[in-house]
Amino acid sequence: MEEGLRRAAELLSSSRQAVALTGAGVSTESGIPDFRSPGGLWSRYDPSEFATLSSFLRDPVRFYQLASEFLSVFTAEPNEGHRALAELEEMGLLKAVITQNVDGLHQAAGSKRVVELHGNLRECRCLSCGTVLPIEVLAEKLVQRGEIPPRCGCGGLLKPNVILFGESLPAEALREAFELVSRCDLLLVAGSSLMVSPANFLPPMAVEAGAELLIVNEEPTPMDAFASVVLRGKTGKVLPELVRRVKEIR
Ligand SMILES: [Zn+2]
């Protein structure tokens, strides 16, 4: 680990266009469940039965009953891992964070340029008239008034602005992520097992473009063999250590 940290810090501090790619592992330390982990939401409920756009439209009541498991997202606070990435951006060593998370904790920690591949939970949208409202409107209907499913003034269904299974990814975020990764000279993967699209094809794209790949994750990933450095551990522990080493050699 010691040698890996040193090498990772060297690579990071000599990079010019470093970009981070983060997944659920960064947020689990803030108490947000990883829905794909054993015991997580997806292991108890088949996402194809409620977390797709068509199942949402077919049975919005069931969707919102199960969505109570997401409520921790609204009270979660960023952790040391989020803060370390924000600090690297502040130091001029990180161009952007591309994330699979929808919780907004990178922004809460101070990251400025965040590309959200799976949408966000700050807003909701009416599926009939297209009105976009703050998520608090939806939460109030749901929690205070017990309105299930919550509806827009026009009567249409309100849906959180997160990307459900079977929905296409936000085109603008995807375009920005591709552009960042194709031009980066270092990709720092943190807290992602790299099993989910499009996160699973961003690291190969970076490696093909000649970028260094750093991976910080508790579990092995399919891209470990292509990485310059793999640091095994919790991102809330490893990333602050990495920032400390970077400061030492700058
Ligand atoms: Zn409406």
# chains A, B, ... in the order shown; residues from 1 in each chain; ligands from 1

call {"tool": "residues_around", "arguments": {"residues": "region 173-183 of chain A", "least_positions_apart": "5", "cutoff": "7 Å", "atoms": "only C-alpha atoms", "output": "NGL selection string"}}
result
:A and (98 or 115-117 or 202 or 205-206 or 209)

call {"tool": "write_last_selection", "arguments": {"atoms": "N, CA and C atoms", "output": "PDB file, in the first residue's frame"}}
result
ATOM      1  N   ILE A  98     -16.473  12.637 -12.726  1.00  0.00           N
ATOM      2  CA  ILE A  98     -17.587  11.993 -13.426  1.00  0.00           C
ATOM      3  C   ILE A  98     -18.157  10.978 -12.440  1.00  0.00           C
ATOM      4  N   VAL A 115     -19.893  15.695 -13.367  1.00  0.00           N
ATOM      5  CA  VAL A 115     -20.708  15.180 -14.468  1.00  0.00           C
ATOM      6  C   VAL A 115     -21.498  13.984 -13.943  1.00  0.00           C
ATOM      7  N   GLU A 116     -22.811  14.112 -13.920  1.00  0.00           N
ATOM      8  CA  GLU A 116     -23.672  13.077 -13.316  1.00  0.00           C
ATOM      9  C   GLU A 116     -24.252  12.168 -14.395  1.00  0.00           C
ATOM     10  N   LEU A 117     -23.681  10.943 -14.477  1.00  0.00           N
ATOM     11  CA  LEU A 117     -24.076  10.029 -15.549  1.00  0.00           C
ATOM     12  C   LEU A 117     -25.461   9.434 -15.354  1.00  0.00           C
ATOM     13  N   LEU A 202     -15.456   3.618 -19.813  1.00  0.00           N
ATOM     14  CA  LEU A 202     -14.631   4.838 -19.734  1.00  0.00           C
ATOM     15  C   LEU A 202     -13.160   4.518 -19.434  1.00  0.00           C
ATOM     16  N   MET A 205     -11.291   3.318 -22.466  1.00  0.00           N
ATOM     17  CA  MET A 205     -11.124   4.451 -23.368  1.00  0.00           C
ATOM     18  C   MET A 205      -9.921   5.305 -22.949  1.00  0.00           C
ATOM     19  N   ALA A 206      -9.774   5.522 -21.645  1.00  0.00           N
ATOM     20  CA  ALA A 206      -8.656   6.307 -21.125  1.00  0.00           C
ATOM     21  C   ALA A 206      -7.333   5.590 -21.395  1.00  0.00           C
ATOM     22  N   ALA A 209      -6.244   5.776 -24.886  1.00  0.00           N
ATOM     23  CA  ALA A 209      -5.768   7.116 -25.236  1.00  0.00           C
ATOM     24  C   ALA A 209      -4.409   7.410 -24.601  1.00  0.00           C
TER      25      ALA A 209
END

call {"tool": "residues_near_ligand", "arguments": {"ligand": "ligand 1", "cutoff": "7 Å", "atoms": "only C-alpha atoms and all ligand atoms", "output": "PyMOL selection string"}}
result
chain A and resi 126-131+152-156

call {"tool": "write_last_selection", "arguments": {"atoms": "all heavy atoms", "output": "mmCIF file, in the first residue's frame"}}
result
data_model
loop_
_atom_site.group_PDB
_atom_site.id
_atom_site.type_symbol
_atom_site.label_atom_id
_atom_site.label_comp_id
_atom_site.auth_asym_id
_atom_site.auth_seq_id
_atom_site.Cartn_x
_atom_site.Cartn_y
_atom_site.Cartn_z
ATOM 1 N N CYS A 126 -42.255 16.279 -14.226
ATOM 2 C CA CYS A 126 -43.594 15.779 -14.533
ATOM 3 C C CYS A 126 -43.539 15.051 -15.874
ATOM 4 O O CYS A 126 -43.070 15.605 -16.866
ATOM 5 C CB CYS A 126 -44.600 16.922 -14.604
ATOM 6 S SG CYS A 126 -46.194 16.393 -15.273
ATOM 7 N N LEU A 127 -44.009 13.818 -15.875
ATOM 8 C CA LEU A 127 -43.924 13.035 -17.109
ATOM 9 C C LEU A 127 -44.993 13.442 -18.119
ATOM 10 O O LEU A 127 -44.959 13.005 -19.261
ATOM 11 C CB LEU A 127 -44.033 11.536 -16.799
ATOM 12 C CG LEU A 127 -42.871 10.952 -15.992
ATOM 13 C CD1 LEU A 127 -43.026 9.450 -15.834
ATOM 14 C CD2 LEU A 127 -41.518 11.274 -16.631
ATOM 15 N N SER A 128 -45.943 14.294 -17.702
ATOM 16 C CA SER A 128 -46.959 14.756 -18.661
ATOM 17 C C SER A 128 -46.609 16.107 -19.268
ATOM 18 O O SER A 128 -46.509 16.247 -20.479
ATOM 19 C CB SER A 128 -48.332 14.845 -17.994
ATOM 20 O OG SER A 128 -48.738 13.567 -17.554
ATOM 21 N N CYS A 129 -46.411 17.135 -18.410
ATOM 22 C CA CYS A 129 -46.178 18.477 -18.957
ATOM 23 C C CYS A 129 -44.697 18.855 -18.994
ATOM 24 O O CYS A 129 -44.333 19.881 -19.557
ATOM 25 C CB CYS A 129 -46.979 19.526 -18.174
ATOM 26 S SG CYS A 129 -46.362 19.828 -16.509
ATOM 27 N N GLY A 130 -43.815 18.025 -18.417
ATOM 28 C CA GLY A 130 -42.376 18.271 -18.506
ATOM 29 C C GLY A 130 -41.832 19.287 -17.514
ATOM 30 O O GLY A 130 -40.642 19.575 -17.513
ATOM 31 N N THR A 131 -42.689 19.817 -16.646
ATOM 32 C CA THR A 131 -42.224 20.776 -15.644
ATOM 33 C C THR A 131 -41.158 20.143 -14.754
ATOM 34 O O THR A 131 -41.306 18.993 -14.319
ATOM 35 C CB THR A 131 -43.403 21.228 -14.751
ATOM 36 O OG1 THR A 131 -44.384 21.835 -15.577
ATOM 37 C CG2 THR A 131 -42.956 22.227 -13.690
ATOM 38 N N CYS A 152 -48.054 16.076 -10.273
ATOM 39 C CA CYS A 152 -47.911 17.481 -10.650
ATOM 40 C C CYS A 152 -49.289 18.157 -10.565
ATOM 41 O O CYS A 152 -50.317 17.479 -10.503
ATOM 42 C CB CYS A 152 -47.385 17.497 -12.079
ATOM 43 S SG CYS A 152 -47.310 19.095 -12.882
ATOM 44 N N GLY A 153 -49.300 19.495 -10.565
ATOM 45 C CA GLY A 153 -50.557 20.227 -10.590
ATOM 46 C C GLY A 153 -51.435 19.855 -11.781
ATOM 47 O O GLY A 153 -52.667 19.920 -11.713
ATOM 48 N N CYS A 154 -50.808 19.437 -12.866
ATOM 49 C CA CYS A 154 -51.554 19.073 -14.080
ATOM 50 C C CYS A 154 -52.113 17.651 -13.987
ATOM 51 O O CYS A 154 -52.838 17.214 -14.872
ATOM 52 C CB CYS A 154 -50.664 19.203 -15.315
ATOM 53 S SG CYS A 154 -49.559 17.810 -15.598
ATOM 54 N N GLY A 155 -51.758 16.935 -12.917
ATOM 55 C CA GLY A 155 -52.253 15.566 -12.762
ATOM 56 C C GLY A 155 -51.262 14.503 -13.224
ATOM 57 O O GLY A 155 -51.443 13.317 -12.974
ATOM 58 N N GLY A 156 -50.201 14.949 -13.896
ATOM 59 C CA GLY A 156 -49.197 13.999 -14.387
ATOM 60 C C GLY A 156 -48.343 13.422 -13.260
ATOM 61 O O GLY A 156 -48.267 13.992 -12.172
#

call {"tool": "closest_atom_pairs", "arguments": {"of": "region 121-207 of chain A", "to": "region 220-236 of chain A", "cutoff": "9 Å", "atoms": "only C-alpha atoms", "output": "CSV"}}
result
residue,atom,partner,partner_atom,distance
A:Ala190,CA,A:Thr235,CA,6.5
A:Gly191,CA,A:Thr235,CA,6.3
A:Ser192,CA,A:Thr221,CA,8.0
A:Ser193,CA,A:Thr221,CA,5.2
A:Leu194,CA,A:Thr221,CA,6.2
A:Met195,CA,A:Thr221,CA,7.9
A:Asn200,CA,A:Met223,CA,8.6
A:Pro203,CA,A:Met223,CA,7.4
A:Pro204,CA,A:Met223,CA,7.7
A:Val207,CA,A:Phe226,CA,7.5

call {"tool": "select_by_dssp", "arguments": {"residues": "region 143-249 of chain A", "states": "strand (DSSP E or B)", "output": "PyMOL selection string"}}
result
chain A and resi 151+157-162+165+186-190+212-217+229-232

call {"tool": "write_last_selection", "arguments": {"atoms": "C-alpha atoms", "output": "compact mmCIF listing (two decimals), in the first residue's frame"}}
result
# COMPACT_ATOMS: atom_id res chain seq x y z
CA ARG A 151 -48.48 14.16 -8.91
CA LEU A 157 -46.83 11.64 -12.54
CA LEU A 158 -43.77 13.16 -10.88
CA LYS A 159 -40.53 11.20 -11.30
CA PRO A 160 -37.18 11.93 -9.63
CA ASN A 161 -34.62 13.09 -12.20
CA VAL A 162 -32.59 9.91 -11.76
CA PHE A 165 -33.09 1.02 -15.81
CA LEU A 186 -4.83 10.19 -15.82
CA LEU A 187 -8.10 8.59 -14.78
CA LEU A 188 -8.63 8.09 -11.04
CA VAL A 189 -11.35 5.49 -10.49
CA ALA A 190 -12.75 5.60 -6.94
CA GLU A 212 -2.50 6.41 -16.57
CA LEU A 213 -5.18 4.51 -14.66
CA LEU A 214 -5.38 4.66 -10.84
CA ILE A 215 -7.95 2.48 -9.11
CA VAL A 216 -9.08 2.92 -5.49
CA ASN A 217 -11.66 0.31 -4.56
CA VAL A 229 -1.63 1.54 -9.49
CA VAL A 230 -4.40 -0.29 -7.63
CA LEU A 231 -5.06 0.82 -4.05
CA ARG A 232 -7.32 -1.60 -2.22

call {"tool": "closest_residue", "arguments": {"among": "A:Leu239, A:Ile148, A:Leu5, A:Val19", "to": "Thr99 (chain A)", "atoms": "only C-alpha atoms"}}
result
A:Val19

call {"tool": "select_by_dssp", "arguments": {"residues": "region 4-248 of chain A", "states": "helix (DSSP H, G or I)", "output": "PyMOL selection string"}}
result
chain A and resi 4-14+24-28+41-44+47-50+53-58+60-74+80-90+105-109+135-144+171-183+199-208+224-226+235-248

call {"tool": "write_last_selection", "arguments": {"atoms": "C-alpha atoms", "output": "mmCIF file, in the first residue's frame"}}
result
data_model
loop_
_atom_site.group_PDB
_atom_site.id
_atom_site.type_symbol
_atom_site.label_atom_id
_atom_site.label_comp_id
_atom_site.auth_asym_id
_atom_site.auth_seq_id
_atom_site.Cartn_x
_atom_site.Cartn_y
_atom_site.Cartn_z
ATOM 1 C CA GLY A 4 1.359 2.213 -4.240
ATOM 2 C CA LEU A 5 0.388 5.445 -2.510
ATOM 3 C CA ARG A 6 3.756 6.986 -3.263
ATOM 4 C CA ARG A 7 3.576 6.005 -6.930
ATOM 5 C CA ALA A 8 -0.048 7.194 -7.233
ATOM 6 C CA ALA A 9 0.851 10.549 -5.675
ATOM 7 C CA GLU A 10 3.725 10.976 -8.155
ATOM 8 C CA LEU A 11 1.528 10.197 -11.131
ATOM 9 C CA LEU A 12 -1.214 12.492 -9.919
ATOM 10 C CA SER A 13 1.046 15.442 -9.199
ATOM 11 C CA SER A 14 2.756 15.171 -12.586
ATOM 12 C CA ALA A 24 -21.366 3.866 -5.113
ATOM 13 C CA GLY A 25 -18.331 2.990 -2.938
ATOM 14 C CA VAL A 26 -17.619 6.676 -2.377
ATOM 15 C CA SER A 27 -21.102 7.224 -0.950
ATOM 16 C CA THR A 28 -21.548 4.082 1.171
ATOM 17 C CA LEU A 41 -32.016 -3.091 -2.853
ATOM 18 C CA TRP A 42 -31.344 -4.871 -6.142
ATOM 19 C CA SER A 43 -30.659 -8.205 -4.439
ATOM 20 C CA ARG A 44 -34.057 -8.074 -2.719
ATOM 21 C CA PRO A 47 -34.919 -3.807 -10.717
ATOM 22 C CA SER A 48 -36.591 -4.940 -13.928
ATOM 23 C CA GLU A 49 -39.826 -5.183 -11.918
ATOM 24 C CA PHE A 50 -39.859 -1.686 -10.483
ATOM 25 C CA LEU A 53 -39.310 3.431 -16.810
ATOM 26 C CA SER A 54 -42.039 1.065 -18.005
ATOM 27 C CA SER A 55 -42.577 -0.466 -14.549
ATOM 28 C CA PHE A 56 -42.608 3.047 -13.044
ATOM 29 C CA LEU A 57 -45.371 3.994 -15.470
ATOM 30 C CA ARG A 58 -47.225 0.708 -14.882
ATOM 31 C CA PRO A 60 -45.849 4.125 -9.639
ATOM 32 C CA VAL A 61 -47.312 3.237 -6.224
ATOM 33 C CA ARG A 62 -44.963 0.276 -5.818
ATOM 34 C CA PHE A 63 -42.027 2.373 -7.023
ATOM 35 C CA TYR A 64 -42.675 5.010 -4.370
ATOM 36 C CA GLN A 65 -43.231 2.421 -1.619
ATOM 37 C CA LEU A 66 -39.792 0.946 -2.312
ATOM 38 C CA ALA A 67 -38.278 4.396 -2.828
ATOM 39 C CA SER A 68 -38.531 4.978 0.919
ATOM 40 C CA GLU A 69 -35.232 3.047 0.998
ATOM 41 C CA PHE A 70 -33.667 5.961 -0.887
ATOM 42 C CA LEU A 71 -34.614 8.536 1.736
ATOM 43 C CA SER A 72 -31.205 8.374 3.473
ATOM 44 C CA VAL A 73 -29.920 10.232 0.425
ATOM 45 C CA PHE A 74 -31.609 13.444 1.576
ATOM 46 C CA GLU A 80 -13.464 12.368 3.672
ATOM 47 C CA GLY A 81 -13.345 10.712 0.246
ATOM 48 C CA HIS A 82 -15.619 13.361 -1.298
ATOM 49 C CA ARG A 83 -13.605 16.089 0.423
ATOM 50 C CA ALA A 84 -10.281 14.703 -0.833
ATOM 51 C CA LEU A 85 -11.504 14.864 -4.435
ATOM 52 C CA ALA A 86 -12.778 18.424 -3.946
ATOM 53 C CA GLU A 87 -9.373 19.344 -2.534
ATOM 54 C CA LEU A 88 -7.546 17.893 -5.553
ATOM 55 C CA GLU A 89 -9.732 20.049 -7.825
ATOM 56 C CA GLU A 90 -9.034 23.087 -5.649
ATOM 57 C CA LEU A 105 -22.423 14.724 -2.252
ATOM 58 C CA HIS A 106 -19.504 15.701 -4.492
ATOM 59 C CA GLN A 107 -21.021 19.156 -4.913
ATOM 60 C CA ALA A 108 -21.789 19.303 -1.187
ATOM 61 C CA ALA A 109 -18.098 18.604 -0.497
ATOM 62 C CA ILE A 135 -37.069 17.411 -5.263
ATOM 63 C CA GLU A 136 -38.410 18.993 -2.043
ATOM 64 C CA VAL A 137 -41.770 19.409 -3.757
ATOM 65 C CA LEU A 138 -41.915 15.687 -4.409
ATOM 66 C CA ALA A 139 -40.596 14.802 -0.943
ATOM 67 C CA GLU A 140 -43.214 16.982 0.731
ATOM 68 C CA LYS A 141 -46.067 15.335 -1.174
ATOM 69 C CA LEU A 142 -44.620 11.901 -0.454
ATOM 70 C CA VAL A 143 -43.567 12.216 3.191
ATOM 71 C CA GLN A 144 -45.788 14.917 4.681
ATOM 72 C CA ALA A 171 -26.913 12.850 -23.622
ATOM 73 C CA GLU A 172 -25.130 16.009 -22.496
ATOM 74 C CA ALA A 173 -23.521 14.334 -19.442
ATOM 75 C CA LEU A 174 -22.430 11.398 -21.570
ATOM 76 C CA ARG A 175 -20.897 13.660 -24.214
ATOM 77 C CA GLU A 176 -19.020 15.623 -21.542
ATOM 78 C CA ALA A 177 -17.741 12.433 -19.893
ATOM 79 C CA PHE A 178 -16.447 11.049 -23.209
ATOM 80 C CA GLU A 179 -14.729 14.321 -23.996
ATOM 81 C CA LEU A 180 -13.071 14.522 -20.570
ATOM 82 C CA VAL A 181 -11.903 10.912 -20.634
ATOM 83 C CA SER A 182 -10.609 10.975 -24.213
ATOM 84 C CA ARG A 183 -8.452 14.008 -23.356
ATOM 85 C CA ALA A 199 -18.599 3.509 -16.299
ATOM 86 C CA ASN A 200 -17.223 0.181 -17.526
ATOM 87 C CA PHE A 201 -16.118 1.544 -20.879
ATOM 88 C CA LEU A 202 -14.631 4.838 -19.734
ATOM 89 C CA PRO A 203 -11.423 3.301 -18.221
ATOM 90 C CA PRO A 204 -10.599 1.264 -21.375
ATOM 91 C CA MET A 205 -11.124 4.451 -23.368
ATOM 92 C CA ALA A 206 -8.656 6.307 -21.125
ATOM 93 C CA VAL A 207 -6.066 3.516 -21.312
ATOM 94 C CA GLU A 208 -6.338 3.361 -25.096
ATOM 95 C CA ASP A 224 -7.095 -3.832 -12.337
ATOM 96 C CA ALA A 225 -4.695 -5.523 -14.762
ATOM 97 C CA PHE A 226 -4.574 -2.354 -16.891
ATOM 98 C CA THR A 235 -12.118 5.585 -0.516
ATOM 99 C CA GLY A 236 -12.756 7.636 2.655
ATOM 100 C CA LYS A 237 -9.412 6.348 4.002
ATOM 101 C CA VAL A 238 -7.279 5.988 0.878
ATOM 102 C CA LEU A 239 -8.117 9.252 -0.935
ATOM 103 C CA PRO A 240 -7.177 11.556 1.996
ATOM 104 C CA GLU A 241 -3.899 9.591 2.339
ATOM 105 C CA LEU A 242 -3.267 10.132 -1.355
ATOM 106 C CA VAL A 243 -3.871 13.878 -1.029
ATOM 107 C CA ARG A 244 -1.459 13.985 1.900
ATOM 108 C CA ARG A 245 1.289 12.322 -0.212
ATOM 109 C CA VAL A 246 0.622 14.680 -3.098
ATOM 110 C CA LYS A 247 1.093 17.674 -0.784
ATOM 111 C CA GLU A 248 4.377 16.213 0.516
#

call {"tool": "atom_distance", "arguments": {"atom1": "CA of Cys184 (chain A)", "atom2": "CA of Gln100 (chain A)"}}
result
18.4 Å

call {"tool": "atom_distance", "arguments": {"atom1": "CA of Asp185 (chain A)", "atom2": "CA of Leu21 (chain A)"}}
result
13.4 Å
